[in-house]
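The block underneath contains the structure these notes are about, expressed in structure tokens.
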Amino acid sequence: MNTGCKTVAIANQKGGVGKTTSSINLAAALSKKRKKVLLIDSDPQGNASSGVGVNSRNLERHLYNSYIGSCPLAETVIQTGVKNLDVVPSNINLVAAEIELINKPERETTLKNLLASVADEYDYILIDCPPSLGLLTINALTAADSVLIPMQCEYFAMEGLAQLVSTIRSVKKSFNSNLFIEGLLLTMFDKRNKLTHQVAEELSKHFSKQLFKTVIPRNVRLSECPSHGQTVIDYDIRSTGAKAYIQLANEFLKNQR
């Protein structure tokens, strides 16, 4: 894969922690920094696709078709309404990919091989993973240079993190020796909630060097923008949610140097 392109898997097997929101809005924020970004919607729910204004339900070509070898990945790429941001959309058909890959040789490297054909065109590829540790997530981790882990500050956060870190270690050992954790991102941060601060302190204690300084607050605009098919930056750039993702992009880019 082109060394000029960095691939980041955005993963957490727990649902509802802000994976897709972070994938969409970090991608948008990076594109505003004049970085060419490809967003891979690797979740059969297809929310990353609709979140950037692409209705993937009736598309003839999407990620599933590339997974099963019926078309090159380049033919599934769609330009979004956001300058410098493209998306490879998905829909519910992607569920079948996990089943169809089971007997395929080197099934864990399918996505890595697909991305190699388009990497030259991008500065960053962000992969929005499904809320599971199945074959789609394993493919994303095998294809990625690093993993960004969105974490909601709640009671079960640490428990889920331990499981994910164990999976990352397994992938690193078996398929991708260079994989590393880009950082942990605190999402849906409610500063009025005591538990939020307790979980944040606990994470800081154990992962101080890997915790992003930027935190993503609970924000109404972040909840509203997907229904309009827009990133929060295009929907309301003055909102606290938009400002947080722009700050995250700045911190992310600073860490690349």
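Numbering starts fresh at 1 for the residues of each chain in the structure tokens, the chains themselves are lettered A, B, ... in the order given, and ligands are numbered from 1 as they appear.
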
Run DSSP on the backbone and give me the residues of segment 63-227 of chain A it puts in helix (DSSP H, G or I), as a PyMOL selection string.
chain A and resi 63-67+73-76+92-101+107-116+119-121+135-143+157-174+194-210+220-227

Using only C-alpha atoms, find each residue of segment 14-130 of chain A with at least one atom at most 12 Å away from an atom of segment 238-242 of chain A; report its shortest atom-to-atom pair and that distance in Å (one decimal), sort the rows by chain and rising residue number, and return the result as a tab-separated table.
```
residue	atom	partner	partner_atom	distance
A:Gly18	CA	A:Gly241	CA	11.9
A:Thr21	CA	A:Gly241	CA	10.2
A:Ser22	CA	A:Gly241	CA	10.3
A:Ile24	CA	A:Ala242	CA	11.3
A:Asn25	CA	A:Ala242	CA	7.8
A:Leu26	CA	A:Ala242	CA	9.6
A:Ala28	CA	A:Ala242	CA	9.9
A:Ala29	CA	A:Ala242	CA	8.4
A:Lys32	CA	A:Ala242	CA	11.8
```

Residues of the last selection are to be written out with N, CA, C and O atoms, as a PDB file, in the first residue's frame.
```pdb
ATOM      1  N   GLY A  18     -20.454   6.137  19.233  1.00  0.00           N
ATOM      2  CA  GLY A  18     -20.018   7.256  18.397  1.00  0.00           C
ATOM      3  C   GLY A  18     -19.018   6.896  17.322  1.00  0.00           C
ATOM      4  O   GLY A  18     -18.304   7.759  16.823  1.00  0.00           O
ATOM      5  N   THR A  21     -20.417   8.421  13.895  1.00  0.00           N
ATOM      6  CA  THR A  21     -20.359   9.879  14.045  1.00  0.00           C
ATOM      7  C   THR A  21     -18.911  10.367  13.948  1.00  0.00           C
ATOM      8  O   THR A  21     -18.615  11.362  13.272  1.00  0.00           O
ATOM      9  N   SER A  22     -18.008   9.633  14.598  1.00  0.00           N
ATOM     10  CA  SER A  22     -16.587  10.017  14.580  1.00  0.00           C
ATOM     11  C   SER A  22     -15.962   9.771  13.216  1.00  0.00           C
ATOM     12  O   SER A  22     -15.152  10.578  12.743  1.00  0.00           O
ATOM     13  N   ILE A  24     -17.473   9.825  10.223  1.00  0.00           N
ATOM     14  CA  ILE A  24     -17.990  10.838   9.291  1.00  0.00           C
ATOM     15  C   ILE A  24     -17.343  12.197   9.550  1.00  0.00           C
ATOM     16  O   ILE A  24     -16.846  12.857   8.632  1.00  0.00           O
ATOM     17  N   ASN A  25     -17.346  12.600  10.796  1.00  0.00           N
ATOM     18  CA  ASN A  25     -16.950  13.981  11.108  1.00  0.00           C
ATOM     19  C   ASN A  25     -15.442  14.186  11.180  1.00  0.00           C
ATOM     20  O   ASN A  25     -14.957  15.273  10.857  1.00  0.00           O
ATOM     21  N   LEU A  26     -14.694  13.156  11.541  1.00  0.00           N
ATOM     22  CA  LEU A  26     -13.238  13.265  11.437  1.00  0.00           C
ATOM     23  C   LEU A  26     -12.846  13.309   9.958  1.00  0.00           C
ATOM     24  O   LEU A  26     -11.992  14.106   9.557  1.00  0.00           O
ATOM     25  N   ALA A  28     -14.652  14.450   7.504  1.00  0.00           N
ATOM     26  CA  ALA A  28     -15.027  15.769   6.996  1.00  0.00           C
ATOM     27  C   ALA A  28     -14.048  16.841   7.462  1.00  0.00           C
ATOM     28  O   ALA A  28     -13.645  17.715   6.680  1.00  0.00           O
ATOM     29  N   ALA A  29     -13.668  16.768   8.730  1.00  0.00           N
ATOM     30  CA  ALA A  29     -12.733  17.764   9.279  1.00  0.00           C
ATOM     31  C   ALA A  29     -11.378  17.669   8.587  1.00  0.00           C
ATOM     32  O   ALA A  29     -10.752  18.690   8.285  1.00  0.00           O
ATOM     33  N   LYS A  32     -11.555  19.244   5.179  1.00  0.00           N
ATOM     34  CA  LYS A  32     -11.518  20.713   5.251  1.00  0.00           C
ATOM     35  C   LYS A  32     -10.084  21.217   5.408  1.00  0.00           C
ATOM     36  O   LYS A  32      -9.791  22.380   5.127  1.00  0.00           O
TER      37      LYS A  32
END
```

Given the choices A:Val215, A:Gly46, A:Asn255, A:Cys153, which gets closest to Pro130 of chain A if the distance is worked out from only C-alpha atoms?
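Of the candidates, the smallest distance to Pro130 of chain A is held by A:Gly46.
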
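Between atom CA of Thr7 of chain A and atom CA of Asn103 of chain A the interatomic distance comes to 26.2 Å.
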
Can you pull out every residue within 12 Å of Met158 of chain A, counting only C-alpha atoms, but drop anything in the same chain fewer than 5 positions away, and send it as a list in words?
Asn12, Lys14, Ile149, Pro150, Met151, Gln152, Cys153, Gln163, Leu164, Val165, Leu184, Gln198, Val199, Ala200, Glu201, Glu202, Leu203, Ser204, Lys205, His206 and Phe207 of chain A

Test item: residues at most 7 Å from segment 217-220 of chain A, only C-alpha atoms, excluding those fewer than 2 positions along its chain, as a list in words:
Thr187, Met188, Phe189, Asp190, Val215, Leu222, Ser223, Glu224, Thr240 and Gly241 of chain A

Can you check which parts of segment 51-81 of chain A lie within 6 Å of segment 88-99 of chain A? Per residue, the shortest pair of atoms and distance in Å to one decimal, counting only C-alpha atoms, sorted by chain and number, as a tab-separated table.
```
residue	atom	partner	partner_atom	distance
A:Ser56	CA	A:Asn91	CA	5.9
A:Arg57	CA	A:Asn91	CA	6.0
A:His62	CA	A:Pro89	CA	5.3
A:Leu63	CA	A:Ser90	CA	5.5
A:Tyr64	CA	A:Leu94	CA	4.9
A:Thr76	CA	A:Val88	CA	5.7
A:Val77	CA	A:Val88	CA	4.8
```

Go ahead and save the residues from that selection, with N, CA, C and O atoms, as a CSV table (one decimal), in the first residue's frame.
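And here's out11.csv as it stands now:
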```csv
chain,number,residue,atom,x,y,z
A,56,SER,N,-27.6,4.3,0.0
A,56,SER,CA,-27.0,3.1,-0.5
A,56,SER,C,-27.9,2.0,-0.8
A,56,SER,O,-27.5,0.9,-1.3
A,57,ARG,N,-29.2,2.2,-0.4
A,57,ARG,CA,-30.1,1.0,-0.5
A,57,ARG,C,-30.3,0.5,-1.9
A,57,ARG,O,-30.3,-0.7,-2.1
A,62,HIS,N,-21.5,-1.6,-4.3
A,62,HIS,CA,-21.1,-1.1,-3.0
A,62,HIS,C,-20.0,-2.0,-2.4
A,62,HIS,O,-19.6,-2.9,-3.2
A,63,LEU,N,-19.6,-1.9,-1.2
A,63,LEU,CA,-18.5,-2.6,-0.7
A,63,LEU,C,-18.7,-4.1,-0.8
A,63,LEU,O,-17.7,-4.9,-1.1
A,64,TYR,N,-19.9,-4.6,-0.6
A,64,TYR,CA,-20.2,-6.0,-0.7
A,64,TYR,C,-19.7,-6.6,-2.1
A,64,TYR,O,-19.1,-7.7,-2.1
A,76,THR,N,-16.8,1.4,-6.9
A,76,THR,CA,-17.8,1.6,-5.8
A,76,THR,C,-17.7,3.0,-5.2
A,76,THR,O,-18.5,3.4,-4.4
A,77,VAL,N,-16.6,3.7,-5.5
A,77,VAL,CA,-16.3,5.0,-4.9
A,77,VAL,C,-17.2,6.1,-5.4
A,77,VAL,O,-17.5,6.2,-6.6
```

What does the distance from atom CA of Leu248 of chain A to atom CA of Leu185 of chain A come to in Å, to one decimal?
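Rounded to one decimal, the two atoms are 9.0 Å apart.
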
Can you pull out every residue from segment 20-196 of chain A that DSSP, working from the backbone, puts in strand (DSSP E or B), and format the result as an NGL selection string?
:A and (37-41 or 78-79 or 85-88 or 124-128 or 146-152 or 180-189)

Just checking: using only C-alpha atoms, which residue out of A:Glu75, A:Ser146, A:Ala119, A:Asn193 ends up closest to Glu60 of chain A?
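Between A:Glu75, A:Ser146, A:Ala119, A:Asn193, the residue approaching Glu60 of chain A most closely is A:Glu75.
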
Could you name the residues that touch segment 249-254 of chain A at 9 Å or less, counting only C-alpha atoms, but leaving out those on the same chain fewer than 3 positions away, as a compact mmCIF listing (two decimals) with N, CA, C and O atoms, in the first residue's frame?
```
# COMPACT_ATOMS: atom_id res chain seq x y z
N LEU A 26 -14.69 13.16 11.54
CA LEU A 26 -13.24 13.26 11.44
C LEU A 26 -12.85 13.31 9.96
O LEU A 26 -11.99 14.11 9.56
N ALA A 27 -13.50 12.47 9.15
CA ALA A 27 -13.24 12.48 7.70
C ALA A 27 -13.53 13.86 7.11
O ALA A 27 -12.74 14.40 6.33
N ALA A 29 -13.67 16.77 8.73
CA ALA A 29 -12.73 17.76 9.28
C ALA A 29 -11.38 17.67 8.59
O ALA A 29 -10.75 18.69 8.29
N LEU A 30 -10.91 16.45 8.30
CA LEU A 30 -9.64 16.28 7.59
C LEU A 30 -9.75 16.80 6.16
O LEU A 30 -8.81 17.41 5.64
N LYS A 33 -9.20 20.32 5.88
CA LYS A 33 -7.77 20.65 5.99
C LYS A 33 -7.03 20.33 4.69
O LYS A 33 -5.81 20.20 4.67
N GLU A 182 -4.06 4.23 17.52
CA GLU A 182 -3.90 5.66 17.23
C GLU A 182 -4.28 6.50 18.44
O GLU A 182 -3.63 7.48 18.77
N GLY A 183 -5.36 6.07 19.08
CA GLY A 183 -5.79 6.79 20.27
C GLY A 183 -7.19 6.40 20.70
O GLY A 183 -7.96 5.82 19.93
N PHE A 212 -6.78 10.76 23.44
CA PHE A 212 -6.83 12.07 22.79
C PHE A 212 -7.20 13.14 23.82
O PHE A 212 -8.06 12.92 24.68
N LYS A 213 -6.56 14.28 23.73
CA LYS A 213 -6.91 15.40 24.61
C LYS A 213 -8.30 15.94 24.26
O LYS A 213 -9.04 16.39 25.11
N THR A 214 -8.62 15.89 22.97
CA THR A 214 -9.95 16.33 22.51
C THR A 214 -11.01 15.36 23.01
O THR A 214 -10.84 14.14 22.93
N ALA A 244 -15.46 20.46 18.13
CA ALA A 244 -14.72 19.34 18.73
C ALA A 244 -14.07 18.47 17.67
O ALA A 244 -12.90 18.06 17.81
N TYR A 245 -14.77 18.19 16.56
CA TYR A 245 -14.18 17.35 15.52
C TYR A 245 -13.10 18.08 14.72
O TYR A 245 -12.14 17.45 14.26
N ILE A 246 -13.21 19.39 14.59
CA ILE A 246 -12.14 20.17 13.96
C ILE A 246 -10.90 20.13 14.86
O ILE A 246 -9.77 19.94 14.39
N ARG A 257 3.13 13.83 12.75
CA ARG A 257 4.48 14.36 12.46
C ARG A 257 5.56 13.68 13.26
O ARG A 257 5.31 13.13 14.32
```

Atom pair atom CA of Thr20 of chain A / atom CA of Thr167 of chain A: separation (Å)
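Atom CA of Thr20 of chain A sits 20.0 Å away from atom CA of Thr167 of chain A.
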
Which polymer residues have any atom within 8 Å of an atom of Cys129 of chain A, counting only C-alpha atoms, with same-chain residues fewer than 4 positions away left out, as a PyMOL selection string?
chain A and resi 9-12+19+41-43+136-137+140

Write out the residues from the selection above, keeping all heavy atoms, as an mmCIF file, in the first residue's frame.
```
data_model
loop_
_atom_site.group_PDB
_atom_site.id
_atom_site.type_symbol
_atom_site.label_atom_id
_atom_site.label_comp_id
_atom_site.auth_asym_id
_atom_site.auth_seq_id
_atom_site.Cartn_x
_atom_site.Cartn_y
_atom_site.Cartn_z
ATOM 1 N N ALA A 9 -8.636 2.363 11.113
ATOM 2 C CA ALA A 9 -9.896 1.688 11.429
ATOM 3 C C ALA A 9 -10.496 2.360 12.659
ATOM 4 O O ALA A 9 -9.805 2.584 13.649
ATOM 5 C CB ALA A 9 -9.643 0.207 11.706
ATOM 6 N N ILE A 10 -11.763 2.698 12.587
ATOM 7 C CA ILE A 10 -12.456 3.287 13.737
ATOM 8 C C ILE A 10 -13.358 2.190 14.292
ATOM 9 O O ILE A 10 -14.357 1.808 13.678
ATOM 10 C CB ILE A 10 -13.219 4.560 13.322
ATOM 11 C CG1 ILE A 10 -12.184 5.579 12.802
ATOM 12 C CG2 ILE A 10 -14.016 5.132 14.482
ATOM 13 C CD1 ILE A 10 -12.735 6.842 12.241
ATOM 14 N N ALA A 11 -12.938 1.635 15.428
ATOM 15 C CA ALA A 11 -13.530 0.386 15.890
ATOM 16 C C ALA A 11 -13.853 0.382 17.376
ATOM 17 O O ALA A 11 -13.154 0.992 18.194
ATOM 18 C CB ALA A 11 -12.572 -0.774 15.577
ATOM 19 N N ASN A 12 -14.921 -0.319 17.690
ATOM 20 C CA ASN A 12 -15.312 -0.666 19.056
ATOM 21 C C ASN A 12 -16.483 -1.613 18.895
ATOM 22 O O ASN A 12 -17.463 -1.270 18.225
ATOM 23 C CB ASN A 12 -15.716 0.577 19.861
ATOM 24 C CG ASN A 12 -15.893 0.264 21.348
ATOM 25 O OD1 ASN A 12 -16.281 -0.837 21.726
ATOM 26 N ND2 ASN A 12 -15.612 1.237 22.188
ATOM 27 N N LYS A 19 -18.971 5.609 16.926
ATOM 28 C CA LYS A 19 -18.048 5.189 15.858
ATOM 29 C C LYS A 19 -18.351 5.877 14.534
ATOM 30 O O LYS A 19 -17.482 6.481 13.920
ATOM 31 C CB LYS A 19 -18.141 3.665 15.634
ATOM 32 C CG LYS A 19 -17.254 2.822 16.482
ATOM 33 C CD LYS A 19 -17.208 1.392 16.003
ATOM 34 C CE LYS A 19 -18.548 0.763 15.799
ATOM 35 N NZ LYS A 19 -19.356 0.607 17.011
ATOM 36 N N ASP A 41 -17.401 2.601 4.381
ATOM 37 C CA ASP A 41 -18.516 2.206 5.240
ATOM 38 C C ASP A 41 -18.522 0.685 5.329
ATOM 39 O O ASP A 41 -19.028 -0.005 4.453
ATOM 40 C CB ASP A 41 -19.838 2.720 4.653
ATOM 41 C CG ASP A 41 -21.010 2.492 5.595
ATOM 42 O OD1 ASP A 41 -20.832 1.806 6.622
ATOM 43 O OD2 ASP A 41 -22.105 3.012 5.310
ATOM 44 N N SER A 42 -17.925 0.170 6.409
ATOM 45 C CA SER A 42 -17.817 -1.280 6.561
ATOM 46 C C SER A 42 -18.849 -1.833 7.542
ATOM 47 O O SER A 42 -18.657 -2.898 8.130
ATOM 48 C CB SER A 42 -16.398 -1.649 7.026
ATOM 49 O OG SER A 42 -16.199 -3.039 6.951
ATOM 50 N N ASP A 43 -19.938 -1.098 7.720
ATOM 51 C CA ASP A 43 -21.020 -1.519 8.610
ATOM 52 C C ASP A 43 -22.267 -1.760 7.754
ATOM 53 O O ASP A 43 -22.703 -0.847 7.035
ATOM 54 C CB ASP A 43 -21.286 -0.416 9.644
ATOM 55 C CG ASP A 43 -22.311 -0.822 10.694
ATOM 56 O OD1 ASP A 43 -23.046 -1.806 10.472
ATOM 57 O OD2 ASP A 43 -22.374 -0.147 11.737
ATOM 58 N N LEU A 136 -15.612 -8.752 9.302
ATOM 59 C CA LEU A 136 -15.512 -7.413 8.708
ATOM 60 C C LEU A 136 -14.568 -6.527 9.516
ATOM 61 O O LEU A 136 -13.759 -5.786 8.959
ATOM 62 C CB LEU A 136 -16.898 -6.756 8.620
ATOM 63 C CG LEU A 136 -17.877 -7.367 7.611
ATOM 64 C CD1 LEU A 136 -19.262 -6.753 7.769
ATOM 65 C CD2 LEU A 136 -17.378 -7.194 6.176
ATOM 66 N N THR A 137 -14.666 -6.624 10.843
ATOM 67 C CA THR A 137 -13.771 -5.843 11.700
ATOM 68 C C THR A 137 -12.344 -6.378 11.622
ATOM 69 O O THR A 137 -11.388 -5.592 11.573
ATOM 70 C CB THR A 137 -14.274 -5.843 13.156
ATOM 71 O OG1 THR A 137 -15.561 -5.208 13.193
ATOM 72 C CG2 THR A 137 -13.326 -5.089 14.078
ATOM 73 N N ALA A 140 -10.827 -5.011 8.576
ATOM 74 C CA ALA A 140 -10.482 -3.594 8.746
ATOM 75 C C ALA A 140 -9.191 -3.443 9.542
ATOM 76 O O ALA A 140 -8.309 -2.642 9.180
ATOM 77 C CB ALA A 140 -11.627 -2.864 9.445
#
```

Counting only C-alpha atoms, the option among A:Ser227, A:Thr110, A:Ser70, A:Thr142 closest to Asn47 of chain A:
A:Ser227
